[in-house]
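Okay, so here's the structure we're looking at.
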Amino acid sequence: MLRAKKIWEIESCYKCSLIGTCLTRAELRTLAKERIFAIGPGHDDYQLHAEFIRISDREGAQSKALHKYLAKKYQGRARKYQRAATDLEIKEMWREDMAEGRLDTAWWSVLIHPAASLNLVSRLYGELHMLGHDTLNNHHRERQQGDRLRTRLAMLEEVLGSERQHYRREKRTLRGEIDQLQQTIGQQRAVESENTRLRQEAAGLHNLLRELREGKGHGEQQQELDELRQTNNGLCGRIDELTGELAEMKAQVAAAMRQLEEMAQIRGRLEHHEAEQAREISTLEGLLMRHIVQEEGPCCQCADQHTANCPGLSLCGKTVLYVGGLNNMIPHYRQLVEQCGGRFIHHDGGKEASRSLLPKMLTAADAVLCPIDCVSHDACNCVKKMCKRYQKPFVLMRSAGLSSLAKGLSEIVQ
């Protein structure tokens with residue numbers, strides 16, 4: 001079996017793509033700190049890239065250490081490539097790795113393979129080169145899509161806030177109408193009770209009148225009978241009046257019940273609409289989060305990162321204190337702040353963490369952010385006073401969502 005190539009034996013024209021594909025910027029920084037390479041801390045990412053290309057071009061202790069690092073990193077898959085004896089077999093394994101996203105593994109394995117022809121390596125390098133162009137174009141499109149998603153998310157958050165206020169007003173109105181209906185129902189029951197009492201009293205008078213008619217007609221009895229008849233007529237009139245009032249009250253109650261049912265339907269529609277908007281915002285935040293996680297970000301591909309010529313949004317190492325928020329969103333807050341070049345620290349506003357830690361954390365922070373919808377008023381006022389005392393930038397965000405955090409970070413940078 002032929003021996004695999006060493007890194008210094010690979011053609012020089014492929015060294016740039018090899019270092020750029022197989023070693024991330026973080027790995028270059030880590031390797032540069034090792035004693036055998038002894039590369040000073042003043043180099044930027046491009047200078048480190050060029051320095052490791054130079055090391056890989058000639059045989060020596062440094063190139064051997066670099067080869068050992070890469071051989072250990074890709075030893076499993078590269079060993080499978082060594083079993084291939086022809087360009088066709090190598091190309092089949094290359095296609096398999098490319099389909100599964102193992103670009104760096106495939107390129108390293110092909111370059112060190114002793115049986116890979118120059119023609120095959122040249123063709124595969126062409127594919128790798130064009131893939132880099134496709135990746136750059138896709139990155140720009142994904143960035144534009146991310147901007148559109150952020151704009152859509154902000155608009156939906158505003159609409160949801162307006163709908164929530166409308167829902168609260170409608171809810172207060174419904175509660176008032178329900179109280180009025182309950183009072184009306186109580187009055188109706190009182191009228192029905194009075195009507196029953198009067199009917200019983202009238203029935204008693206009718207019985208008395210019948211008894212008088214059956215008895216002997218003396219003068220006093222006749223006079224008493226006349227008085228009873230007058231009283232009975234008055235009571236019958238009162239009964240008729242109460243019966244009319246009861247009918248009117250029943251009609252009012254029926255109308256009120258219909259109105260109550262309509263209000264309940266409106267309330268159900270509002271709650272359904274609010275739930276749909278909440279789900280849509282959650283979906284958009286998930287898409288935005290996946291977009292943020294999947295893309296490296298413009299700063300990661302810019303040669304001016306961490307330099308005075310940096311044109312993009314960068315916190316430049318500032319420490320950001322986030323007070324309050326949602327516990328399940330804290331890792332996403334941290335990732336967004338760190339991707340903007342900052343350091344993230346968090347305090348929950350006194351729910352679990354002690355309030356006495358706030359002054360110490362505020363002293364270490366360069367700026368403070370606080371969402372008004374997910375923090376107590378007491379904690380918010382406390383942080384605001386301490387920021388004013390220590391002259392720290394303080395940003396009140398509209399919500400605990402990622403879009404509000406991104407907007408708050410842009411205000412800090414400005």
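Labels used: A, B, ... for chains in the order of the structure tokens, numbers from 1 for residues in each chain, and numbers from 1 for ligands as shown.
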If you count only C-alpha atoms, which residues fall within 12 Å of Arg95 of chain A, apart from same-chain ones fewer than 3 positions away, as a PyMOL selection string? chain A and resi 88-92+98-103+105-107+110+124+127-128
Write the residues of the preceding selection, restricted to N, CA, C and O atoms, as an mmCIF file, in the first residue's frame.
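Contents of out-v6.cif, freshly written:
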```cif
data_model
loop_
_atom_site.group_PDB
_atom_site.id
_atom_site.type_symbol
_atom_site.label_atom_id
_atom_site.label_comp_id
_atom_site.auth_asym_id
_atom_site.auth_seq_id
_atom_site.Cartn_x
_atom_site.Cartn_y
_atom_site.Cartn_z
ATOM 1 N N LEU A 88 -11.766 6.714 -9.940
ATOM 2 C CA LEU A 88 -13.219 6.514 -9.893
ATOM 3 C C LEU A 88 -13.681 6.216 -8.470
ATOM 4 O O LEU A 88 -14.688 6.770 -8.002
ATOM 5 N N GLU A 89 -12.940 5.357 -7.766
ATOM 6 C CA GLU A 89 -13.307 5.039 -6.391
ATOM 7 C C GLU A 89 -13.159 6.258 -5.489
ATOM 8 O O GLU A 89 -13.995 6.509 -4.608
ATOM 9 N N ILE A 90 -12.077 7.000 -5.694
ATOM 10 C CA ILE A 90 -11.870 8.221 -4.889
ATOM 11 C C ILE A 90 -12.998 9.221 -5.142
ATOM 12 O O ILE A 90 -13.533 9.848 -4.220
ATOM 13 N N LYS A 91 -13.384 9.377 -6.415
ATOM 14 C CA LYS A 91 -14.429 10.340 -6.755
ATOM 15 C C LYS A 91 -15.773 9.928 -6.166
ATOM 16 O O LYS A 91 -16.571 10.776 -5.725
ATOM 17 N N GLU A 92 -16.076 8.610 -6.117
ATOM 18 C CA GLU A 92 -17.313 8.144 -5.506
ATOM 19 C C GLU A 92 -17.369 8.502 -4.014
ATOM 20 O O GLU A 92 -18.389 8.944 -3.497
ATOM 21 N N MET A 98 -19.488 14.914 0.040
ATOM 22 C CA MET A 98 -20.085 16.203 -0.329
ATOM 23 C C MET A 98 -21.583 16.187 -0.086
ATOM 24 O O MET A 98 -22.163 17.178 0.365
ATOM 25 N N ALA A 99 -22.235 15.046 -0.385
ATOM 26 C CA ALA A 99 -23.686 14.956 -0.172
ATOM 27 C C ALA A 99 -24.041 15.049 1.299
ATOM 28 O O ALA A 99 -25.117 15.538 1.661
ATOM 29 N N GLU A 100 -23.145 14.602 2.190
ATOM 30 C CA GLU A 100 -23.416 14.626 3.631
ATOM 31 C C GLU A 100 -22.774 15.824 4.320
ATOM 32 O O GLU A 100 -22.780 15.905 5.548
ATOM 33 N N GLY A 101 -22.208 16.770 3.540
ATOM 34 C CA GLY A 101 -21.689 18.007 4.112
ATOM 35 C C GLY A 101 -20.301 17.896 4.713
ATOM 36 O O GLY A 101 -19.891 18.797 5.448
ATOM 37 N N ARG A 102 -19.553 16.816 4.415
ATOM 38 C CA ARG A 102 -18.199 16.682 4.971
ATOM 39 C C ARG A 102 -17.179 17.205 3.969
ATOM 40 O O ARG A 102 -16.328 16.471 3.451
ATOM 41 N N LEU A 103 -17.236 18.489 3.657
ATOM 42 C CA LEU A 103 -16.372 19.099 2.654
ATOM 43 C C LEU A 103 -14.908 19.057 3.081
ATOM 44 O O LEU A 103 -14.022 18.707 2.300
ATOM 45 N N THR A 105 -13.389 17.135 5.319
ATOM 46 C CA THR A 105 -12.892 15.757 5.372
ATOM 47 C C THR A 105 -12.543 15.249 3.973
ATOM 48 O O THR A 105 -11.474 14.647 3.759
ATOM 49 N N ALA A 106 -13.420 15.485 3.006
ATOM 50 C CA ALA A 106 -13.197 15.007 1.645
ATOM 51 C C ALA A 106 -11.964 15.648 1.021
ATOM 52 O O ALA A 106 -11.131 14.979 0.393
ATOM 53 N N TRP A 107 -11.806 16.964 1.186
ATOM 54 C CA TRP A 107 -10.685 17.677 0.551
ATOM 55 C C TRP A 107 -9.344 17.246 1.148
ATOM 56 O O TRP A 107 -8.369 17.037 0.437
ATOM 57 N N VAL A 110 -8.513 13.644 -0.141
ATOM 58 C CA VAL A 110 -8.103 13.602 -1.545
ATOM 59 C C VAL A 110 -6.678 14.122 -1.712
ATOM 60 O O VAL A 110 -5.862 13.536 -2.437
ATOM 61 N N LEU A 124 -11.572 18.302 -8.910
ATOM 62 C CA LEU A 124 -12.234 18.456 -7.614
ATOM 63 C C LEU A 124 -11.975 19.839 -7.019
ATOM 64 O O LEU A 124 -12.840 20.414 -6.350
ATOM 65 N N GLU A 127 -14.475 22.137 -8.544
ATOM 66 C CA GLU A 127 -15.783 22.029 -7.889
ATOM 67 C C GLU A 127 -15.786 22.787 -6.559
ATOM 68 O O GLU A 127 -16.745 23.482 -6.219
ATOM 69 N N LEU A 128 -14.698 22.630 -5.792
ATOM 70 C CA LEU A 128 -14.592 23.313 -4.494
ATOM 71 C C LEU A 128 -14.582 24.824 -4.677
ATOM 72 O O LEU A 128 -15.218 25.567 -3.921
#
```
Atom CA of Tyr74 of chain A to atom CA of Gln339 of chain A, distance in Å rounded to a single decimal: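 Taking atom CA of Tyr74 of chain A and atom CA of Gln339 of chain A, their separation equals 27.9 Å.
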Residue nearest Cys340 of chain A - candidates A:His377, A:Leu362, A:Ser314, A:Glu214, atoms counted: only C-alpha atoms: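 Going through A:His377, A:Leu362, A:Ser314, A:Glu214 one by one, the smallest distance to Cys340 of chain A is for A:Ser314.
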List the spatial neighbours of segment 2-7 of chain A as a PyMOL selection string - criterion: any atom at most 12 Å away, only C-alpha atoms, same-chain residues fewer than 3 positions off excluded. chain A and resi 10-12+14-15+18-19+52-60+62-71+75+78-79+81-85+108-116
